[in-house]
Amino acid sequence: MPSGDVARDTIAAVATPPGKGGIGVVRLSGPRVPDIARAILGSLPAPRHATFASFHDARGERIDQGIALYFPAPNSYTGEPVLELQGHGGPVVMHLLLRACLDAGARLAEPGEFTRRAFLQGKLDLAQAEAVADLIDAASREAARSAFRSLSGDFSAAVGVLLRELIELRALTEAMLDFPEEEVDPLHRDEAASRLTAVQDSLEAVLVKSRQGSLLRAGIHAVLAGAPNVGKSSLLNRLAGEERAIVTPVPGTTRDSLREPIELEGVPLVLVDTAGMHATSDEVERRGMERTQLELARADLVLAVAEAGGLEPTLADVPVAAAAARIVVYNKVDLAPGFAAPPGAVAVSAKTGEGLDRLRKAILEAAGWSASGESVFLARERHLRALERSRAHLQAAGEQREWEFFAEELRLAQEALASITGEFSSDDLLGEIFTRFCIGK
Ligand SMILES: Nc1nc2c(ncn2[C@@H]2O[C@H](COP(=O)(O)OP(=O)(O)O)[C@@H](O)[C@H]2O)c(=O)[nH]1
Ligand SMILES: [Mg+2]
């Protein structure tokens, strides 16, 4: 169980985004909430009822009127007494209302502090708390869906199943530790071995789903590259479904990199259009090409574009990221009737739209997204590392001859897994996770 300091300050923050809106919300959490509610509203609202009330400042002057919602502990987001004040969503009103809460005894909340308290009170585990931020940050429909699934506990449940299997295996092993090696029943040895294999298989399945899901969080960085005039900008416009890049028959039209966030089958993708690579004396164009090189060096996926029936795309002397996948795209097939793309390449026409569906599929596949219809886990880098660490310890366990060492590797594998849901988490880790939240969440 996460432990936390229970005697706490009462925190307050504007929970709605800055700027003007129909409604603005100030949220408070902590032991002094009932006192602060009385100071601002004149009385404590009935629990969980929308109460229409006037909001007063420290001198008793009315600032605004709106809805007050009071959630007594422990049935609240944070597990502490929580008050939400919904006023008119203007920056000055919100500032005055927040000021009144601070004057009445609250202090300003830090980023993510509400969710951090929810975690410390055991309302959410760490993976769920991270999913709160991921849901807010979701860049596509699929990302939002899988963040919501993690928030509801699907990912934690899958990790929980692994942990239970591992704990059973550890119990079996601990019993063996009391016997000298030669007295251990071979049946037990076989059982331990087959259970280890079972845990390894389950872990592998979770890892596969998590790797796929991590694409949803980070997005795919796909870069269009190739000689001038092959139709890179036209392809970007086609894939984006909008005229974003300037297209002209003049080579060297695109001089700077242009990035366009798009969604393919709900997967977020940043498509980057670049200046074409060729020899030039034009200073602006040369700078553009330097940017192209930078973009290519951090691409997950390179779309190497050439003209159908024209020259092979040349990226030979371009520093492409080692891990980057590559798709060769032959554009302008409308001008080359009968052109057949070599295996692995895709023939398209940015003009007529021919082959674009195939290109979209190829992009998703090359990025590692398989539309299996199965739900993936919106994993963070931290989760992937923990799963991989656990896998390494399970593998090491399988190589041990001594029960003591076997048991120790299992313990380490369990610890790595448990760090996902935050059973053993350091303050540093919590700080790193929660300070990236927005204020008021
Ligand atoms: N016929 C035909 N022309 C195209 C196609 N794609 C692009 N173009 C034309 O090729 C020229 C260069 O296109 P652009 O997208 O600016 O190329 P970029 O320099 O690689 O970005 C423009 O005149 C486009 O209209 C295509 O699929 N078919
Ligand atoms: Mg261009």
# chains A, B, ... in the order shown; residues from 1 in each chain; ligands from 1

$ residues_around --residues "A:Ile63" --least-positions-apart "5" --cutoff "9 Å" --atoms "only C-alpha atoms" --output "short mmCIF file (atom, residue, chain, number, x, y, z; two decimals) with N, CA and C atoms, in the first residue's frame"
data_model
loop_
_atom_site.label_atom_id
_atom_site.label_comp_id
_atom_site.auth_asym_id
_atom_site.auth_seq_id
_atom_site.Cartn_x
_atom_site.Cartn_y
_atom_site.Cartn_z
N SER A 54 -23.95 32.03 -3.38
CA SER A 54 -23.08 33.16 -3.65
C SER A 54 -21.71 32.87 -3.07
N PHE A 55 -20.67 33.33 -3.76
CA PHE A 55 -19.30 33.13 -3.29
C PHE A 55 -18.80 34.45 -2.73
N HIS A 56 -18.28 34.43 -1.50
CA HIS A 56 -17.84 35.66 -0.84
C HIS A 56 -16.33 35.67 -0.62
N ASP A 57 -15.75 36.87 -0.64
CA ASP A 57 -14.32 36.97 -0.33
C ASP A 57 -14.14 37.17 1.18
N VAL A 93 -12.67 36.74 -12.48
CA VAL A 93 -13.56 36.07 -11.52
C VAL A 93 -12.84 34.88 -10.88
N LEU A 96 -10.21 35.99 -8.43
CA LEU A 96 -10.77 36.47 -7.16
C LEU A 96 -11.26 35.31 -6.31
N LEU A 97 -11.89 34.34 -6.96
CA LEU A 97 -12.43 33.19 -6.23
C LEU A 97 -11.30 32.36 -5.62
N ALA A 100 -9.91 34.15 -2.68
CA ALA A 100 -10.78 33.99 -1.51
C ALA A 100 -10.52 32.65 -0.82
#

$ closest_atom_pairs --of "chain A" --to "ligand 1" --cutoff "10 Å" --atoms "only C-alpha atoms and all ligand atoms" --output "tab-separated table"
residue	atom	partner	partner_atom_place_in_ligand_line	distance
A:Leu224	CA	ligand 1	20 (O)	8.6
A:Ala225	CA	ligand 1	20 (O)	7.9
A:Gly226	CA	ligand 1	20 (O)	6.8
A:Ala227	CA	ligand 1	20 (O)	6.5
A:Pro228	CA	ligand 1	19 (O)	4.1
A:Asn229	CA	ligand 1	19 (O)	3.3
A:Val230	CA	ligand 1	20 (O)	4.1
A:Gly231	CA	ligand 1	17 (O)	3.3
A:Lys232	CA	ligand 1	20 (O)	3.7
A:Ser233	CA	ligand 1	21 (O)	3.7
A:Ser234	CA	ligand 1	15 (O)	3.7
A:Leu235	CA	ligand 1	15 (O)	6.6
A:Leu236	CA	ligand 1	15 (O)	8.0
A:Asn237	CA	ligand 1	15 (O)	8.3
A:Arg238	CA	ligand 1	6 (N)	9.6
A:Ala245	CA	ligand 1	15 (O)	7.9
A:Ile246	CA	ligand 1	16 (O)	6.6
A:Val247	CA	ligand 1	16 (O)	3.7
A:Thr248	CA	ligand 1	23 (O)	4.6
A:Pro249	CA	ligand 1	23 (O)	3.4
A:Val250	CA	ligand 1	12 (C)	6.9
A:Pro251	CA	ligand 1	19 (O)	5.6
A:Gly252	CA	ligand 1	19 (O)	6.0
A:Thr253	CA	ligand 1	19 (O)	6.1
A:Thr254	CA	ligand 1	21 (O)	6.0
A:Arg255	CA	ligand 1	19 (O)	9.4
A:Asp273	CA	ligand 1	21 (O)	7.5
A:Thr274	CA	ligand 1	21 (O)	7.5
A:Ala275	CA	ligand 1	19 (O)	7.2
A:Gly276	CA	ligand 1	19 (O)	6.0
A:Met277	CA	ligand 1	20 (O)	9.5
A:Val305	CA	ligand 1	20 (O)	7.8
A:Ala306	CA	ligand 1	20 (O)	8.5
A:Glu307	CA	ligand 1	27 (O)	8.5
A:Ala308	CA	ligand 1	27 (O)	9.0
A:Tyr330	CA	ligand 1	27 (O)	8.9
A:Asn331	CA	ligand 1	27 (O)	5.2
A:Lys332	CA	ligand 1	27 (O)	3.4
A:Val333	CA	ligand 1	27 (O)	6.3
A:Asp334	CA	ligand 1	28 (N)	5.7
A:Leu335	CA	ligand 1	1 (N)	5.6
A:Ala336	CA	ligand 1	1 (N)	9.1
A:Ala347	CA	ligand 1	27 (O)	9.6
A:Val348	CA	ligand 1	27 (O)	6.7
A:Ser349	CA	ligand 1	27 (O)	3.5
A:Ala350	CA	ligand 1	27 (O)	3.8
A:Lys351	CA	ligand 1	27 (O)	4.1
A:Thr352	CA	ligand 1	27 (O)	6.6
A:Gly353	CA	ligand 1	27 (O)	7.7
A:Glu354	CA	ligand 1	27 (O)	8.4

$ write_last_selection --atoms "C-alpha atoms" --output "mmCIF file, in the first residue's frame"
data_model
loop_
_atom_site.group_PDB
_atom_site.id
_atom_site.type_symbol
_atom_site.label_atom_id
_atom_site.label_comp_id
_atom_site.auth_asym_id
_atom_site.auth_seq_id
_atom_site.Cartn_x
_atom_site.Cartn_y
_atom_site.Cartn_z
ATOM 1 C CA LEU A 224 8.610 12.665 -46.469
ATOM 2 C CA ALA A 225 11.934 12.856 -48.266
ATOM 3 C CA GLY A 226 13.173 12.747 -51.837
ATOM 4 C CA ALA A 227 14.288 14.837 -54.774
ATOM 5 C CA PRO A 228 12.557 18.163 -55.539
ATOM 6 C CA ASN A 229 9.275 18.053 -57.462
ATOM 7 C CA VAL A 230 8.497 14.354 -56.958
ATOM 8 C CA GLY A 231 5.300 15.356 -55.110
ATOM 9 C CA LYS A 232 6.190 15.239 -51.397
ATOM 10 C CA SER A 233 4.114 18.304 -50.547
ATOM 11 C CA SER A 234 1.229 17.042 -52.663
ATOM 12 C CA LEU A 235 1.295 13.757 -50.736
ATOM 13 C CA LEU A 236 1.269 15.575 -47.416
ATOM 14 C CA ASN A 237 -1.772 17.544 -48.522
ATOM 15 C CA ARG A 238 -3.495 14.360 -49.636
ATOM 16 C CA ALA A 245 1.871 22.699 -48.035
ATOM 17 C CA ILE A 246 2.427 24.935 -51.041
ATOM 18 C CA VAL A 247 2.629 22.968 -54.261
ATOM 19 C CA THR A 248 4.061 24.374 -57.489
ATOM 20 C CA PRO A 249 5.786 22.938 -60.543
ATOM 21 C CA VAL A 250 8.881 24.935 -59.487
ATOM 22 C CA PRO A 251 11.564 22.717 -57.906
ATOM 23 C CA GLY A 252 12.648 23.977 -54.483
ATOM 24 C CA THR A 253 9.218 25.320 -53.472
ATOM 25 C CA THR A 254 9.402 23.756 -50.022
ATOM 26 C CA ARG A 255 12.249 25.412 -48.166
ATOM 27 C CA ASP A 273 7.254 17.620 -45.332
ATOM 28 C CA THR A 274 10.808 18.599 -46.137
ATOM 29 C CA ALA A 275 12.841 20.540 -48.635
ATOM 30 C CA GLY A 276 13.890 18.233 -51.482
ATOM 31 C CA MET A 277 17.456 16.979 -51.435
ATOM 32 C CA VAL A 305 9.407 9.473 -52.547
ATOM 33 C CA ALA A 306 10.342 9.141 -56.208
ATOM 34 C CA GLU A 307 8.505 9.575 -59.494
ATOM 35 C CA ALA A 308 6.986 6.478 -61.033
ATOM 36 C CA TYR A 330 6.472 5.992 -56.331
ATOM 37 C CA ASN A 331 4.274 9.006 -56.982
ATOM 38 C CA LYS A 332 2.622 10.270 -60.180
ATOM 39 C CA VAL A 333 1.547 6.830 -61.393
ATOM 40 C CA ASP A 334 -1.136 8.667 -63.368
ATOM 41 C CA LEU A 335 1.671 9.795 -65.686
ATOM 42 C CA ALA A 336 3.166 6.317 -66.012
ATOM 43 C CA ALA A 347 2.723 3.235 -56.204
ATOM 44 C CA VAL A 348 0.468 6.244 -55.709
ATOM 45 C CA SER A 349 -0.848 9.351 -57.356
ATOM 46 C CA ALA A 350 -1.218 12.415 -55.206
ATOM 47 C CA LYS A 351 -3.228 13.835 -58.087
ATOM 48 C CA THR A 352 -5.877 11.149 -58.521
ATOM 49 C CA GLY A 353 -5.683 9.573 -55.062
ATOM 50 C CA GLU A 354 -4.799 6.172 -56.495
#

$ select_by_dssp --residues "stretch 177-361 of chain A" --states "helix (DSSP H, G or I)" --output "number ranges by chain"
A: 177, 181-183, 186-218, 232-240, 283-297, 333-335, 356-361

$ closest_residue --among "A:Thr421, A:Arg436, A:Ala367, A:Glu285" --to "ligand 2" --atoms "only C-alpha atoms and all ligand atoms"
A:Glu285

$ select_by_dssp --residues "stretch 322-361 of chain A" --states "strand (DSSP E)" --output "PyMOL selection string"
chain A and resi 325-331+346-347

$ write_last_selection --atoms "C-alpha atoms" --output "PDB file, in the first residue's frame"
ATOM      1  CA  ALA A 325      11.491   2.043 -40.987  1.00  0.00           C
ATOM      2  CA  ARG A 326      11.389   3.014 -44.631  1.00  0.00           C
ATOM      3  CA  ILE A 327       8.740   2.889 -47.319  1.00  0.00           C
ATOM      4  CA  VAL A 328       9.596   3.626 -50.926  1.00  0.00           C
ATOM      5  CA  VAL A 329       6.763   5.549 -52.561  1.00  0.00           C
ATOM      6  CA  TYR A 330       6.472   5.992 -56.331  1.00  0.00           C
ATOM      7  CA  ASN A 331       4.274   9.006 -56.982  1.00  0.00           C
ATOM      8  CA  VAL A 346       3.917   1.547 -52.998  1.00  0.00           C
ATOM      9  CA  ALA A 347       2.723   3.235 -56.204  1.00  0.00           C
TER      10      ALA A 347
END

$ residues_around --residues "A:Leu44" --least-positions-apart "4" --cutoff "10 Å" --atoms "only C-alpha atoms" --output "list in words"
Val33, Pro34, Asp35, Ile36, Ala37, Arg38, Ala39, Ile40, Thr51, Ala68, Leu69, Tyr70 and Leu83 of chain A

$ write_last_selection --atoms "all heavy atoms" --output "mmCIF file, in the first residue's frame"
data_model
loop_
_atom_site.group_PDB
_atom_site.id
_atom_site.type_symbol
_atom_site.label_atom_id
_atom_site.label_comp_id
_atom_site.auth_asym_id
_atom_site.auth_seq_id
_atom_site.Cartn_x
_atom_site.Cartn_y
_atom_site.Cartn_z
ATOM 1 N N VAL A 33 -11.430 21.887 4.068
ATOM 2 C CA VAL A 33 -12.489 22.189 3.096
ATOM 3 C C VAL A 33 -13.812 22.598 3.764
ATOM 4 O O VAL A 33 -14.409 23.603 3.367
ATOM 5 C CB VAL A 33 -12.670 21.015 2.101
ATOM 6 C CG1 VAL A 33 -14.062 20.984 1.502
ATOM 7 C CG2 VAL A 33 -11.629 21.136 0.987
ATOM 8 N N PRO A 34 -14.276 21.880 4.789
ATOM 9 C CA PRO A 34 -15.565 22.301 5.386
ATOM 10 C C PRO A 34 -15.513 23.732 5.929
ATOM 11 O O PRO A 34 -16.452 24.511 5.705
ATOM 12 C CB PRO A 34 -15.776 21.285 6.518
ATOM 13 C CG PRO A 34 -15.023 20.071 6.077
ATOM 14 C CD PRO A 34 -13.813 20.599 5.353
ATOM 15 N N ASP A 35 -14.408 24.112 6.598
ATOM 16 C CA ASP A 35 -14.280 25.478 7.132
ATOM 17 C C ASP A 35 -14.260 26.507 6.007
ATOM 18 O O ASP A 35 -14.896 27.556 6.094
ATOM 19 C CB ASP A 35 -12.968 25.628 7.918
ATOM 20 C CG ASP A 35 -13.009 24.831 9.214
ATOM 21 O OD1 ASP A 35 -14.140 24.492 9.651
ATOM 22 O OD2 ASP A 35 -11.925 24.543 9.770
ATOM 23 N N ILE A 36 -13.496 26.184 4.961
ATOM 24 C CA ILE A 36 -13.376 27.128 3.845
ATOM 25 C C ILE A 36 -14.730 27.281 3.149
ATOM 26 O O ILE A 36 -15.125 28.384 2.768
ATOM 27 C CB ILE A 36 -12.277 26.652 2.865
ATOM 28 C CG1 ILE A 36 -10.916 26.665 3.574
ATOM 29 C CG2 ILE A 36 -12.243 27.526 1.616
ATOM 30 C CD1 ILE A 36 -9.783 26.025 2.787
ATOM 31 N N ALA A 37 -15.463 26.163 3.017
ATOM 32 C CA ALA A 37 -16.794 26.221 2.398
ATOM 33 C C ALA A 37 -17.696 27.159 3.197
ATOM 34 O O ALA A 37 -18.401 27.997 2.624
ATOM 35 C CB ALA A 37 -17.406 24.824 2.332
ATOM 36 N N ARG A 38 -17.646 27.047 4.524
ATOM 37 C CA ARG A 38 -18.491 27.923 5.357
ATOM 38 C C ARG A 38 -18.097 29.381 5.172
ATOM 39 O O ARG A 38 -18.950 30.260 5.088
ATOM 40 C CB ARG A 38 -18.379 27.518 6.828
ATOM 41 C CG ARG A 38 -19.188 26.276 7.142
ATOM 42 C CD ARG A 38 -19.228 25.977 8.644
ATOM 43 N NE ARG A 38 -19.486 24.550 8.830
ATOM 44 C CZ ARG A 38 -18.552 23.626 9.049
ATOM 45 N NH1 ARG A 38 -17.280 23.972 9.171
ATOM 46 N NH2 ARG A 38 -18.887 22.355 9.166
ATOM 47 N N ALA A 39 -16.777 29.633 5.085
ATOM 48 C CA ALA A 39 -16.319 31.015 4.945
ATOM 49 C C ALA A 39 -16.774 31.620 3.618
ATOM 50 O O ALA A 39 -17.198 32.771 3.552
ATOM 51 C CB ALA A 39 -14.791 31.061 5.043
ATOM 52 N N ILE A 40 -16.718 30.822 2.562
ATOM 53 C CA ILE A 40 -17.014 31.387 1.239
ATOM 54 C C ILE A 40 -18.505 31.369 0.915
ATOM 55 O O ILE A 40 -19.038 32.298 0.317
ATOM 56 C CB ILE A 40 -16.198 30.631 0.173
ATOM 57 C CG1 ILE A 40 -14.726 31.015 0.355
ATOM 58 C CG2 ILE A 40 -16.667 30.956 -1.237
ATOM 59 C CD1 ILE A 40 -13.782 30.388 -0.593
ATOM 60 N N THR A 51 -25.539 22.811 -5.294
ATOM 61 C CA THR A 51 -26.131 23.857 -4.456
ATOM 62 C C THR A 51 -25.842 25.219 -5.069
ATOM 63 O O THR A 51 -24.681 25.587 -5.259
ATOM 64 C CB THR A 51 -25.509 23.800 -3.035
ATOM 65 O OG1 THR A 51 -25.632 22.474 -2.538
ATOM 66 C CG2 THR A 51 -26.203 24.784 -2.105
ATOM 67 N N ALA A 68 -22.052 25.079 -6.041
ATOM 68 C CA ALA A 68 -21.057 24.486 -5.154
ATOM 69 C C ALA A 68 -21.350 22.999 -5.011
ATOM 70 O O ALA A 68 -22.509 22.594 -4.894
ATOM 71 C CB ALA A 68 -21.109 25.160 -3.784
ATOM 72 N N LEU A 69 -20.285 22.198 -5.090
ATOM 73 C CA LEU A 69 -20.425 20.742 -4.920
ATOM 74 C C LEU A 69 -19.465 20.304 -3.831
ATOM 75 O O LEU A 69 -18.262 20.557 -3.912
ATOM 76 C CB LEU A 69 -20.035 20.025 -6.212
ATOM 77 C CG LEU A 69 -21.067 19.969 -7.318
ATOM 78 C CD1 LEU A 69 -20.416 19.535 -8.626
ATOM 79 C CD2 LEU A 69 -22.183 18.980 -6.944
ATOM 80 N N TYR A 70 -20.011 19.624 -2.824
ATOM 81 C CA TYR A 70 -19.182 19.182 -1.709
ATOM 82 C C TYR A 70 -19.149 17.655 -1.658
ATOM 83 O O TYR A 70 -20.198 17.011 -1.687
ATOM 84 C CB TYR A 70 -19.759 19.766 -0.412
ATOM 85 C CG TYR A 70 -19.125 19.216 0.852
ATOM 86 C CD1 TYR A 70 -17.740 19.202 1.015
ATOM 87 C CD2 TYR A 70 -19.918 18.712 1.877
ATOM 88 C CE1 TYR A 70 -17.165 18.689 2.163
ATOM 89 C CE2 TYR A 70 -19.349 18.206 3.035
ATOM 90 C CZ TYR A 70 -17.974 18.186 3.165
ATOM 91 O OH TYR A 70 -17.408 17.673 4.305
ATOM 92 N N LEU A 83 -14.158 20.261 -2.473
ATOM 93 C CA LEU A 83 -15.189 21.238 -2.803
ATOM 94 C C LEU A 83 -14.921 21.752 -4.217
ATOM 95 O O LEU A 83 -13.780 22.068 -4.560
ATOM 96 C CB LEU A 83 -15.139 22.413 -1.814
ATOM 97 C CG LEU A 83 -16.176 23.525 -2.025
ATOM 98 C CD1 LEU A 83 -17.590 23.031 -1.718
ATOM 99 C CD2 LEU A 83 -15.848 24.740 -1.154
#

$ closest_residue --among "A:Pro180, A:Gln128, A:Val26, A:Gly19" --to "A:Glu402" --atoms "only C-alpha atoms"
A:Pro180

$ residues_around --residues "A:Arg27" --least-positions-apart "3" --cutoff "9 Å" --atoms "only C-alpha atoms" --output "MDAnalysis selection string"
chainID A and resid 11:15 82:86 98 440

$ closest_residue --among "A:Ile23, A:Ala366, A:Ala127, A:Ala407" --to "A:Ala386" --atoms "only C-alpha atoms"
A:Ala127

$ atom_distance --atom1 "atom CA of A:Ser140" --atom2 "atom CA of A:Pro268"
5.4 Å

$ closest_residue --among "A:Leu258, A:Leu135, A:Ala192, A:Val208" --to "ligand 2" --atoms "only C-alpha atoms and all ligand atoms"
A:Leu258

$ closest_residue --among "A:Ala240, A:Val272, A:Ala175, A:Ala50" --to "ligand 2" --atoms "only C-alpha atoms and all ligand atoms"
A:Val272

$ closest_residue --among "A:Ala392, A:Val92, A:Ala53, A:Ala58" --to "A:Gly21" --atoms "only C-alpha atoms"
A:Val92

$ residues_around --residues "A:Arg217" --least-positions-apart "5" --cutoff "8 Å" --atoms "only C-alpha atoms" --output "list in words"
Asp134, Ala138, Ala139, Ala143, Leu378, Ala379 and Arg380 of chain A

$ write_last_selection --atoms "C-alpha atoms" --output "mmCIF file, in the first residue's frame"
data_model
loop_
_atom_site.group_PDB
_atom_site.id
_atom_site.type_symbol
_atom_site.label_atom_id
_atom_site.label_comp_id
_atom_site.auth_asym_id
_atom_site.auth_seq_id
_atom_site.Cartn_x
_atom_site.Cartn_y
_atom_site.Cartn_z
ATOM 1 C CA ASP A 134 -2.568 10.544 -20.870
ATOM 2 C CA ALA A 138 -4.482 12.149 -25.915
ATOM 3 C CA ALA A 139 -3.672 13.185 -29.493
ATOM 4 C CA ALA A 143 -5.074 7.161 -27.761
ATOM 5 C CA LEU A 378 -1.434 2.943 -23.687
ATOM 6 C CA ALA A 379 1.950 2.263 -22.158
ATOM 7 C CA ARG A 380 4.569 4.782 -21.198
#

$ atom_distance --atom1 "atom CA of A:Thr435" --atom2 "atom CA of A:Glu110"
7.5 Å

$ atom_distance --atom1 "atom CA of A:Glu242" --atom2 "atom CA of A:Asp357"
16.3 Å
